[in-house]
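Undergrad: See target_17.tsv below, with TSV, C-alpha atoms.
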```tsv
chain	number	residue	atom	x	y	z
W	1	MET	CA	63.31	100.90	140.93
W	2	ALA	CA	66.33	102.43	139.19
W	3	LEU	CA	68.21	99.33	138.09
W	4	VAL	CA	68.50	99.74	134.32
W	5	HIS	CA	70.16	98.17	131.28
W	6	MET	CA	73.80	99.29	131.09
W	7	ALA	CA	73.81	99.33	127.28
W	8	ASP	CA	71.01	101.93	127.26
W	9	MET	CA	72.86	104.03	129.85
W	10	LEU	CA	76.18	104.01	127.98
W	11	ASN	CA	74.59	104.64	124.60
W	12	HIS	CA	72.97	107.76	126.03
W	13	ALA	CA	76.35	108.95	127.35
W	14	TYR	CA	78.00	108.15	124.01
W	15	ARG	CA	75.40	110.12	122.04
W	16	HIS	CA	75.48	113.12	124.37
W	17	GLY	CA	79.22	113.45	124.96
W	18	TYR	CA	79.75	112.54	128.61
W	19	ALA	CA	81.03	109.52	130.54
W	20	VAL	CA	79.42	107.36	133.20
W	21	GLY	CA	81.57	106.48	136.20
W	22	ALA	CA	82.04	102.77	136.92
W	23	PHE	CA	83.22	102.60	140.51
W	24	ASN	CA	84.51	99.44	142.17
W	25	VAL	CA	82.55	98.28	145.19
W	26	ALA	CA	84.98	96.79	147.72
W	27	ASN	CA	82.67	96.81	150.76
W	28	PHE	CA	79.57	98.53	152.16
W	29	ASP	CA	81.38	101.85	152.67
W	30	PHE	CA	82.19	101.91	148.95
W	31	LEU	CA	78.66	100.86	147.99
W	32	GLU	CA	77.02	103.55	150.10
W	33	GLY	CA	79.61	106.13	149.03
W	34	VAL	CA	78.94	105.50	145.34
W	35	LEU	CA	75.15	105.57	145.59
W	36	THR	CA	75.04	108.59	147.92
W	37	ALA	CA	77.35	110.56	145.62
W	38	ALA	CA	75.41	109.58	142.50
W	39	GLU	CA	72.14	110.68	144.07
W	40	ALA	CA	73.67	113.94	145.30
W	41	CYS	CA	74.83	114.70	141.74
W	42	ARG	CA	71.73	113.24	140.05
W	43	ALA	CA	73.99	111.07	137.94
W	44	PRO	CA	73.76	107.59	136.36
W	45	VAL	CA	76.34	105.20	137.74
W	46	VAL	CA	77.77	101.69	137.31
W	47	LEU	CA	78.58	99.53	140.32
W	48	ASN	CA	81.65	97.47	139.41
W	49	LEU	CA	82.29	94.14	141.14
W	50	PRO	CA	85.69	92.91	139.90
W	51	GLU	CA	86.37	89.20	139.81
W	52	SER	CA	89.94	89.97	140.89
W	53	HIS	CA	88.64	91.25	144.26
W	54	LEU	CA	86.69	88.12	145.17
W	55	GLU	CA	89.36	87.04	147.64
W	56	HIS	CA	88.54	90.12	149.73
W	57	TYR	CA	84.78	89.62	150.20
W	58	ASN	CA	81.88	87.22	149.82
W	59	PHE	CA	80.57	87.92	146.33
W	60	GLU	CA	77.02	86.71	146.89
W	61	MET	CA	76.57	88.80	150.03
W	62	LEU	CA	77.98	91.98	148.54
W	63	ILE	CA	76.12	91.73	145.26
W	64	ALA	CA	72.86	91.11	147.14
W	65	ALA	CA	73.44	94.43	148.89
W	66	ALA	CA	74.32	96.07	145.56
W	67	VAL	CA	71.04	94.87	144.02
W	68	VAL	CA	69.01	96.22	146.94
W	69	GLY	CA	70.89	99.52	146.81
W	70	ALA	CA	70.38	99.84	143.06
W	71	GLN	CA	66.67	99.06	143.29
W	72	ARG	CA	66.19	101.69	145.98
W	73	ALA	CA	68.29	104.35	144.27
W	74	ALA	CA	66.67	107.44	142.78
W	75	VAL	CA	69.19	107.48	139.90
W	76	PRO	CA	69.90	104.97	137.08
W	77	VAL	CA	72.21	102.17	138.23
W	78	ALA	CA	73.74	99.17	136.48
W	79	ILE	CA	75.66	96.35	138.17
W	80	ASN	CA	78.65	95.06	136.25
W	81	LEU	CA	80.90	92.02	136.76
W	82	ASP	CA	84.29	93.57	136.05
W	83	HIS	CA	87.20	91.63	134.54
W	84	GLY	CA	85.40	88.31	134.35
W	85	THR	CA	87.84	85.79	132.90
W	86	SER	CA	85.64	82.93	131.69
W	87	MET	CA	82.20	81.76	130.67
W	88	LYS	CA	81.83	80.22	134.12
W	89	SER	CA	82.45	83.52	135.90
W	90	ALA	CA	80.08	85.39	133.54
W	91	VAL	CA	77.28	82.88	134.15
W	92	HIS	CA	77.92	83.08	137.90
W	93	GLY	CA	77.86	86.88	137.84
W	94	ILE	CA	74.52	86.98	136.02
W	95	LYS	CA	73.05	84.34	138.31
W	96	SER	CA	74.15	86.31	141.36
W	97	GLY	CA	72.63	89.63	140.29
W	98	CYS	CA	74.84	91.40	137.72
W	99	ASN	CA	72.96	92.83	134.75
W	100	ALA	CA	76.15	93.53	132.78
W	101	VAL	CA	79.42	91.61	132.43
W	102	MET	CA	82.90	92.38	131.22
W	103	ILE	CA	84.74	89.45	129.70
W	104	ASP	CA	88.48	90.10	129.83
W	105	ALA	CA	90.24	87.75	127.45
W	106	SER	CA	92.70	90.45	126.39
W	107	ALA	CA	95.75	88.46	127.50
W	108	LEU	CA	94.87	85.69	125.03
W	109	PRO	CA	95.83	85.61	121.33
W	110	LEU	CA	93.39	87.57	119.19
W	111	ASP	CA	91.57	84.54	117.77
W	112	GLU	CA	91.01	83.11	121.26
W	113	ASN	CA	89.89	86.49	122.58
W	114	LEU	CA	87.38	86.68	119.72
W	115	ARG	CA	86.05	83.17	120.35
W	116	CYS	CA	85.78	83.56	124.12
W	117	THR	CA	84.17	87.00	123.92
W	118	ARG	CA	81.71	85.88	121.25
W	119	GLU	CA	80.60	82.87	123.32
W	120	VAL	CA	80.05	84.99	126.42
W	121	THR	CA	78.23	87.67	124.40
W	122	ASP	CA	75.86	85.11	122.88
W	123	MET	CA	75.06	83.71	126.32
W	124	ALA	CA	74.70	87.12	127.98
W	125	HIS	CA	72.57	88.65	125.22
W	126	ALA	CA	70.21	85.68	125.53
W	127	CYS	CA	69.83	86.82	129.14
W	128	GLY	CA	69.31	90.47	128.14
W	129	VAL	CA	72.69	91.33	129.68
W	130	ALA	CA	75.11	93.89	128.19
W	131	VAL	CA	78.70	92.81	127.50
W	132	GLU	CA	81.95	94.74	127.61
W	133	GLY	CA	84.90	93.24	125.77
W	134	GLU	CA	88.55	94.26	125.86
W	135	LEU	CA	91.08	94.48	123.06
W	136	GLY	CA	94.68	95.38	123.75
W	137	TYR	CA	96.31	95.03	127.14
W	138	VAL	CA	96.18	97.54	129.99
W	139	PRO	CA	98.93	96.53	132.44
W	140	TRP	CA	98.57	96.56	136.21
W	141	ALA	CA	100.74	98.77	138.41
W	142	GLU	CA	102.30	96.90	141.31
W	143	ASN	CA	101.88	98.30	144.77
W	144	GLY	CA	104.88	99.97	146.31
W	145	ASP	CA	107.47	100.27	143.56
W	146	ASN	CA	105.23	101.44	140.67
W	147	LYS	CA	106.48	98.74	138.33
W	148	HIS	CA	104.01	97.49	135.77
W	149	THR	CA	102.98	93.88	135.29
W	150	GLY	CA	103.63	93.18	131.61
W	151	ASP	CA	104.01	95.55	128.71
W	152	ILE	CA	101.21	97.66	127.32
W	153	ALA	CA	99.64	96.31	124.13
W	154	TYR	CA	97.90	99.14	122.30
W	155	THR	CA	94.55	98.56	120.64
W	156	LEU	CA	94.70	98.63	116.84
W	157	PRO	CA	91.79	100.41	115.13
W	158	ALA	CA	91.42	97.82	112.34
W	159	GLU	CA	91.43	94.94	114.82
W	160	ALA	CA	88.92	96.81	117.01
W	161	LYS	CA	86.51	97.15	114.09
W	162	ALA	CA	86.70	93.43	113.28
W	163	PHE	CA	86.46	92.52	116.98
W	164	VAL	CA	83.25	94.48	117.52
W	165	GLU	CA	81.67	93.16	114.32
W	166	ARG	CA	82.52	89.53	115.12
W	167	THR	CA	81.71	89.51	118.83
W	168	GLY	CA	78.69	91.82	119.05
W	169	VAL	CA	79.85	93.45	122.29
W	170	ASP	CA	77.95	96.49	123.53
W	171	CYS	CA	81.02	98.48	124.57
W	172	LEU	CA	84.77	98.04	124.19
W	173	ALA	CA	87.59	98.61	126.66
W	174	VAL	CA	90.68	99.87	124.83
W	175	SER	CA	94.36	100.31	125.59
W	176	ILE	CA	95.77	103.72	124.71
W	177	GLY	CA	98.29	104.32	127.51
W	178	THR	CA	96.52	103.97	130.88
W	179	VAL	CA	97.47	101.46	133.57
W	180	HIS	CA	95.44	99.80	136.28
W	181	GLY	CA	96.34	101.14	139.70
W	182	LEU	CA	98.52	104.16	140.39
W	183	ALA	CA	101.11	104.84	137.70
W	184	HIS	CA	104.39	106.64	138.27
W	185	GLY	CA	103.77	110.08	136.78
W	186	THR	CA	101.00	111.07	134.41
W	187	PRO	CA	100.32	108.44	131.71
W	188	LYS	CA	100.88	109.49	128.10
W	189	LEU	CA	97.71	108.85	126.17
W	190	ASP	CA	97.49	108.16	122.46
W	191	ILE	CA	94.42	110.29	121.71
W	192	THR	CA	94.95	110.00	117.95
W	193	ARG	CA	94.68	106.22	118.26
W	194	LEU	CA	91.56	106.59	120.39
W	195	SER	CA	89.94	108.81	117.78
W	196	LYS	CA	90.62	106.26	115.04
W	197	ILE	CA	89.24	103.43	117.18
W	198	SER	CA	86.08	105.40	117.93
W	199	GLU	CA	85.53	106.14	114.26
W	200	ALA	CA	86.10	102.49	113.36
W	201	VAL	CA	83.79	100.83	115.90
W	202	GLY	CA	80.96	103.31	116.47
W	203	ILE	CA	80.06	102.02	119.95
W	204	PRO	CA	80.78	103.34	123.48
W	205	LEU	CA	84.42	102.98	124.50
W	206	VAL	CA	85.66	102.20	128.00
W	207	ILE	CA	88.81	103.32	129.79
W	208	HIS	CA	90.30	101.20	132.55
W	209	GLY	CA	92.88	102.79	134.82
W	210	GLY	CA	91.33	106.22	135.30
W	211	THR	CA	93.31	107.13	138.42
W	212	GLY	CA	96.19	109.53	137.81
W	213	LEU	CA	94.86	111.19	134.68
W	214	THR	CA	94.57	114.97	134.45
W	215	ASP	CA	91.29	116.82	134.04
W	216	ASP	CA	92.29	117.73	130.48
W	217	GLN	CA	93.05	114.11	129.65
W	218	PHE	CA	89.63	113.03	130.87
W	219	ARG	CA	87.98	115.67	128.71
W	220	LYS	CA	89.88	114.48	125.65
W	221	LEU	CA	88.93	110.86	126.32
W	222	ILE	CA	85.24	111.76	126.47
W	223	ALA	CA	85.50	113.94	123.36
W	224	HIS	CA	86.75	110.89	121.43
W	225	GLY	CA	84.12	108.27	122.26
W	226	VAL	CA	84.77	107.20	125.87
W	227	ALA	CA	81.40	106.74	127.62
W	228	LYS	CA	82.45	104.65	130.64
W	229	ILE	CA	85.45	105.24	132.91
W	230	ASN	CA	86.50	102.68	135.51
W	231	TYR	CA	87.78	104.26	138.70
W	232	TYR	CA	88.94	102.54	141.88
W	233	THR	CA	92.50	103.30	143.04
W	234	GLY	CA	91.65	106.95	143.67
W	235	LEU	CA	88.79	105.81	145.93
W	236	ALA	CA	90.96	103.30	147.77
W	237	ASP	CA	93.57	105.99	148.31
W	238	VAL	CA	91.18	108.50	149.89
W	239	ALA	CA	89.70	105.73	152.04
W	240	GLY	CA	93.17	104.72	153.21
W	241	ALA	CA	94.13	108.33	153.93
W	242	CYS	CA	90.99	108.74	156.02
W	243	ILE	CA	91.79	105.65	158.10
W	244	ARG	CA	95.39	106.76	158.63
W	245	ALA	CA	94.21	110.16	159.80
W	246	GLN	CA	91.83	108.56	162.26
W	247	LEU	CA	94.56	106.21	163.48
W	248	LYS	CA	96.82	109.17	164.13
W	249	GLU	CA	94.09	110.87	166.13
W	250	HIS	CA	92.93	107.65	167.83
W	251	PRO	CA	95.96	105.31	168.15
W	252	LYS	CA	93.88	102.80	170.10
W	253	GLY	CA	90.65	103.50	168.27
W	254	SER	CA	87.96	100.92	167.68
W	255	TYR	CA	86.90	99.83	164.21
W	256	PRO	CA	84.03	102.36	164.05
W	257	GLN	CA	86.41	105.14	165.09
W	258	LEU	CA	89.06	104.22	162.53
W	259	THR	CA	86.61	103.90	159.65
W	260	ALA	CA	84.55	106.98	160.52
W	261	GLY	CA	84.42	109.29	157.53
W	262	VAL	CA	85.50	106.69	154.96
W	263	ARG	CA	82.15	106.64	153.18
W	264	ASP	CA	82.04	110.44	153.01
W	265	ALA	CA	85.63	110.62	151.71
W	266	ILE	CA	84.79	108.13	148.96
W	267	GLY	CA	81.63	110.04	148.12
W	268	THR	CA	83.47	113.36	147.86
W	269	GLU	CA	85.98	111.90	145.40
W	270	ILE	CA	83.20	110.34	143.34
W	271	GLU	CA	81.27	113.61	143.18
W	272	ARG	CA	84.41	115.32	141.86
W	273	MET	CA	84.77	112.76	139.07
W	274	ILE	CA	81.07	112.80	138.19
W	275	ARG	CA	81.12	116.56	137.70
W	276	LEU	CA	84.33	116.37	135.68
W	277	TRP	CA	83.00	113.65	133.40
W	278	GLY	CA	79.73	115.48	132.72
W	279	SER	CA	77.28	112.89	134.04
W	280	GLY	CA	75.95	115.08	136.85
W	281	GLY	CA	72.33	116.17	136.42
W	282	ARG	CA	71.67	113.53	133.75
W	283	ALA	CA	69.65	111.08	135.85
W	284	ALA	CA	66.15	112.10	134.76
W	285	GLU	CA	66.86	112.08	131.03
W	286	VAL	CA	68.76	108.79	131.29
W	287	LEU	CA	65.89	107.15	133.16
W	288	LYS	CA	63.55	108.11	130.31
W	289	GLN	CA	65.91	106.52	127.76
W	290	CYS	CA	66.71	103.31	129.67
W	291	ARG	CA	64.74	100.10	129.92
W	292	PRO	CA	64.16	99.16	133.55
W	293	TRP	CA	65.80	95.93	134.61
W	294	ARG	CA	63.07	93.65	135.96
W	295	GLU	CA	63.37	90.10	137.19
W	296	VAL	CA	60.63	87.63	136.27
W	297	GLU	CA	59.37	84.87	138.53
W	298	GLN	CA	57.51	81.76	137.51
W	299	ILE	CA	55.33	79.59	139.70
W	300	ALA	CA	54.47	76.14	138.40
W	301	PHE	CA	51.79	74.13	140.23
W	302	TYR	CA	51.22	70.43	139.73
W	303	ASN	CA	50.12	67.15	141.25
W	304	ALA	CA	51.95	63.85	141.28
W	305	PRO	CA	50.04	60.65	140.45
W	306	GLU	CA	48.58	58.93	143.49
W	307	LYS	CA	50.58	55.79	142.73
W	308	MET	CA	53.84	57.77	142.78
W	309	ALA	CA	55.70	57.41	146.09
W	310	GLU	CA	56.54	60.57	148.02
W	311	SER	CA	60.24	59.74	147.85
W	312	GLU	CA	60.08	59.45	144.06
W	313	THR	CA	58.32	62.80	143.77
W	314	THR	CA	60.92	64.44	146.00
W	315	ALA	CA	63.78	62.93	143.98
W	316	THR	CA	62.25	64.24	140.75
W	317	MET	CA	61.90	67.71	142.24
W	318	LEU	CA	65.49	67.78	143.48
W	319	ARG	CA	66.80	66.49	140.14
W	320	GLY	CA	64.91	69.22	138.34
W	321	GLN	CA	66.15	71.84	140.77
W	322	GLU	CA	69.75	70.88	140.03
W	323	THR	CA	69.20	70.72	136.25
W	324	LEU	CA	67.35	74.00	135.90
W	325	SER	CA	69.62	75.94	138.27
W	326	ALA	CA	72.45	75.42	135.79
W	327	VAL	CA	70.61	77.27	132.99
W	328	PRO	CA	72.29	80.69	132.43
W	329	GLY	CA	70.20	83.56	133.74
W	330	ILE	CA	68.20	81.51	136.23
W	331	ARG	CA	68.93	82.99	139.63
W	332	THR	CA	67.07	80.62	141.93
W	333	VAL	CA	65.00	77.44	141.67
W	334	ARG	CA	62.98	76.37	144.66
W	335	THR	CA	60.52	73.54	145.12
W	336	GLY	CA	57.58	73.43	147.48
W	337	LYS	CA	54.90	71.19	148.90
W	338	SER	CA	51.45	72.33	149.96
W	339	LEU	CA	50.69	72.45	153.66
W	340	GLN	CA	47.11	71.43	152.79
W	341	PRO	CA	47.38	67.76	151.75
W	342	ASP	CA	43.90	67.78	150.26
W	343	GLY	CA	44.64	70.78	148.04
W	344	SER	CA	43.91	70.63	144.32
W	345	LEU	CA	47.58	71.27	143.45
W	346	ARG	CA	50.05	69.87	145.97
W	347	TYR	CA	53.50	70.74	144.57
W	348	CYS	CA	55.13	73.80	143.05
W	349	TRP	CA	58.27	75.20	141.48
W	350	LEU	CA	59.39	78.78	142.07
W	351	ILE	CA	61.89	79.96	139.47
W	352	ARG	CA	63.44	83.42	139.38
W	353	PHE	CA	64.75	84.61	136.01
W	354	ALA	CA	67.27	87.44	135.71
W	355	SER	CA	65.10	89.14	133.07
W	356	GLN	CA	62.22	88.70	130.65
W	357	ALA	CA	64.75	87.60	128.00
W	358	VAL	CA	65.79	84.67	130.19
W	359	ALA	CA	62.16	83.67	130.74
W	360	ASP	CA	61.55	83.77	126.99
W	361	HIS	CA	64.61	81.66	126.15
W	362	TYR	CA	63.89	79.25	129.00
W	363	ARG	CA	60.85	77.90	127.20
W	364	THR	CA	63.05	76.50	124.42
W	365	ASN	CA	66.17	75.74	126.49
W	366	PRO	CA	67.31	72.15	125.74
W	367	ALA	CA	68.00	71.29	129.40
W	368	HIS	CA	64.54	72.51	130.39
W	369	LEU	CA	62.80	70.64	127.58
W	370	ARG	CA	64.64	67.40	128.34
W	371	PHE	CA	63.66	67.53	131.98
W	372	MET	CA	60.05	68.38	131.17
W	373	ASP	CA	59.71	65.57	128.60
W	374	LYS	CA	61.56	62.86	130.50
W	375	ALA	CA	60.67	63.57	134.10
W	376	LEU	CA	57.91	66.07	134.69
W	377	ARG	CA	55.25	65.89	131.99
W	378	ALA	CA	55.08	62.11	132.24
W	379	VAL	CA	53.80	62.39	135.79
W	380	THR	CA	52.23	65.88	135.85
W	381	PRO	CA	49.77	66.33	132.99
W	382	ASP	CA	47.98	69.10	134.93
W	383	LEU	CA	50.98	71.44	135.22
W	384	LEU	CA	49.92	75.09	135.59
W	385	THR	CA	52.53	77.88	135.16
W	386	ILE	CA	52.29	81.63	135.81
W	387	ASP	CA	54.96	84.25	135.08
W	388	TYR	CA	54.85	87.52	136.99
W	389	VAL	CA	56.83	90.63	137.87
W	390	GLU	CA	56.60	92.69	141.04
W	391	ALA	CA	53.99	95.44	140.96
W	392	GLU	CA	55.47	98.95	140.86
```
Is it possible to express this structure as structure tokens?
TA:
Amino acid sequence: MALVHMADMLNHAYRHGYAVGAFNVANFDFLEGVLTAAEACRAPVVLNLPESHLEHYNFEMLIAAAVVGAQRAAVPVAINLDHGTSMKSAVHGIKSGCNAVMIDASALPLDENLRCTREVTDMAHACGVAVEGELGYVPWAENGDNKHTGDIAYTLPAEAKAFVERTGVDCLAVSIGTVHGLAHGTPKLDITRLSKISEAVGIPLVIHGGTGLTDDQFRKLIAHGVAKINYYTGLADVAGACIRAQLKEHPKGSYPQLTAGVRDAIGTEIERMIRLWGSGGRAAEVLKQCRPWREVEQIAFYNAPEKMAESETTATMLRGQETLSAVPGIRTVRTGKSLQPDGSLRYCWLIRFASQAVADHYRTNPAHLRFMDKALRAVTPDLLTIDYVEAE
């Protein structure tokens, strides 16, 4: 299993002067392209699932594939909810399979950004999940006419220092001149500002809007504290070019014909960026430095009193399932009934926690304790629980 904590991965990059690529996963071609390229280069990688792209795919289905791909990968992988806009979306991302979240409250006034980011960080850290915050505003390039949505708001070093201290984020996305999407011309980067921010905060920095930068600009970013670079438009462009080329050759081509080569085109572009950013060949040393990300499952066995009606037992189980499923970091809650009616323990709960940290906090979670005291312990004095992880 190569799913690892993103904070460990980025801290290694930060200490050793290279950057990890965070590549958006728009569909299975992108997912396979990223993982194949990372393995070919022996590089750590972040799979980005942006909240802004949710209209284009089913989040639960795609992230399930991302988790399987990450677990099977031979290189370190983290799965990040990109540009989450609220506590609700962060909780949903963690529940679905992300082991890192970005909370983007950069469009809000500074005090609201601080409050929102701090709340998400507290919740996520209780789940063992790394958090990326953003300070300053990186505008979005519109498709077609290259106009930008909103004006750039540069990150101030003094504000960045206070922001990191007050929120506890693990890495910080900054605004120094890049734009999301494809800008008109080469962006002018404020490297002096970046250097001051890096000196002030002392944690890995993140650049959004990597497409369109020159090789020299990327090198300067990394030399001044950038340890994670988000990259998507360049991948979408090569994928689109591949489809257009196939359409020209096969005007009446089927879907497999038109999309043939897309994964390889994406992978080639990713390999180019990995080598440029210095993360190639780092997989083995990163794996040694990173904590593996491991889910924990709990099975709880119990009996209901003989005088308790079956319908009442079922209602209690369903009520508990709804209550406990809402606890941050709990991925699934299932209930079961023994097929052997004369068994010593007839009912069970199966709870999957995102991490050991979630399992630890679950024992003192108020919602869990209320349900146990008011509904479960009163009727199940012989409750037996076992926590376990999959054998490696």
Undergrad: Leaving out Gln356 (chain W) and any residue of its chain fewer than 3 positions from it, which residues lie within 12 Å of it when counting only C-alpha atoms, given as a list of chain:residue names?
TA: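 Using only C-alpha atoms, the neighbours found are W:His125, W:Ala126, W:Cys127, W:Gly128, W:Val129, W:Arg291, W:Pro292, W:Trp293, W:Arg294, W:Glu295, W:Val296, W:Glu297, W:Gln298, W:Gly329, W:Ile330, W:Arg352, W:Phe353, W:Ala359, W:Asp360, W:His361, W:Tyr362, W:Arg363, W:Asp387, W:Tyr388, W:Val389.
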Undergrad: Could you please determine the separation between CA of Arg334 (chain W) and CA of Val4 (chain W) in Å, to one decimal place?
TA: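 Going from CA of Arg334 (chain W) over to CA of Val4 (chain W), I get 26.1 Å.
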Undergrad: Tell me, as a compact mmCIF listing (two decimals) with C-alpha atoms, keeping the file's coordinate frame, which residues lie within 10 Å of Leu135 (chain W), counting all atoms listed in the file; anything in the same chain fewer than 6 positions away does not count.
TA:
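Output below, filename out31.txt:
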```txt
# COMPACT_ATOMS: atom_id res chain seq x y z
CA ASP W 104 88.48 90.10 129.83
CA ALA W 105 90.24 87.75 127.45
CA SER W 106 92.70 90.45 126.39
CA ALA W 107 95.75 88.46 127.50
CA LEU W 108 94.87 85.69 125.03
CA LEU W 110 93.39 87.57 119.19
CA ASN W 113 89.89 86.49 122.58
CA LEU W 114 87.38 86.68 119.72
CA ALA W 153 99.64 96.31 124.13
CA TYR W 154 97.90 99.14 122.30
CA THR W 155 94.55 98.56 120.64
CA LEU W 156 94.70 98.63 116.84
CA PRO W 157 91.79 100.41 115.13
CA GLU W 159 91.43 94.94 114.82
CA ALA W 160 88.92 96.81 117.01
CA PHE W 163 86.46 92.52 116.98
CA VAL W 164 83.25 94.48 117.52
CA LEU W 172 84.77 98.04 124.19
CA ALA W 173 87.59 98.61 126.66
CA VAL W 174 90.68 99.87 124.83
CA SER W 175 94.36 100.31 125.59
```
Undergrad: Which residues of region 89-171 of chain W have any atom within 12 Å of an atom in region 66-82 of chain W when counting all atoms listed in the file, and what is the closest pair of atoms for each, with the distance in Å to one decimal? Order the rows by chain and rising number and write it as a tab-separated table.
TA:
```
residue	atom	partner	partner_atom	distance
W:Ser89	CA	W:Leu81	CA	8.7
W:Ala90	CA	W:Leu81	CA	7.4
W:Val91	CA	W:Leu81	CA	10.2
W:His92	CA	W:Leu81	CA	9.5
W:Gly93	CA	W:Leu81	CA	6.1
W:Ile94	CA	W:Leu81	CA	8.2
W:Lys95	CA	W:Leu81	CA	11.1
W:Ser96	CA	W:Val67	CA	9.5
W:Gly97	CA	W:Val67	CA	6.6
W:Cys98	CA	W:Ile79	CA	5.0
W:Asn99	CA	W:Ile79	CA	5.6
W:Ala100	CA	W:Asn80	CA	4.5
W:Val101	CA	W:Leu81	CA	4.6
W:Met102	CA	W:Asp82	CA	5.2
W:Ile103	CA	W:Asp82	CA	7.6
W:Asp104	CA	W:Asp82	CA	8.3
W:Ala105	CA	W:Asp82	CA	12.0
W:Ala124	CA	W:Leu81	CA	11.8
W:Val129	CA	W:Asn80	CA	9.6
W:Ala130	CA	W:Asn80	CA	8.9
W:Val131	CA	W:Asn80	CA	9.0
W:Glu132	CA	W:Asp82	CA	8.8
W:Gly133	CA	W:Asp82	CA	10.3
W:Glu134	CA	W:Asp82	CA	11.1
```
Undergrad: Counting all atoms listed in the file, which residues of region 176-293 of chain W sit at most 8 Å from some atom of region 43-48 of chain W, and what is each one's closest atom pair with its distance in Å to one decimal, listed by chain and rising residue number, as JSON lines?
TA:
```
{"residue": "W:Ile274", "atom": "CA", "partner": "W:Ala43", "partner_atom": "CA", "distance": 7.3}
{"residue": "W:Ser279", "atom": "CA", "partner": "W:Ala43", "partner_atom": "CA", "distance": 5.4}
{"residue": "W:Gly280", "atom": "CA", "partner": "W:Ala43", "partner_atom": "CA", "distance": 4.6}
{"residue": "W:Gly281", "atom": "CA", "partner": "W:Ala43", "partner_atom": "CA", "distance": 5.6}
{"residue": "W:Arg282", "atom": "CA", "partner": "W:Ala43", "partner_atom": "CA", "distance": 5.4}
{"residue": "W:Ala283", "atom": "CA", "partner": "W:Ala43", "partner_atom": "CA", "distance": 4.8}
{"residue": "W:Val286", "atom": "CA", "partner": "W:Pro44", "partner_atom": "CA", "distance": 7.2}
```
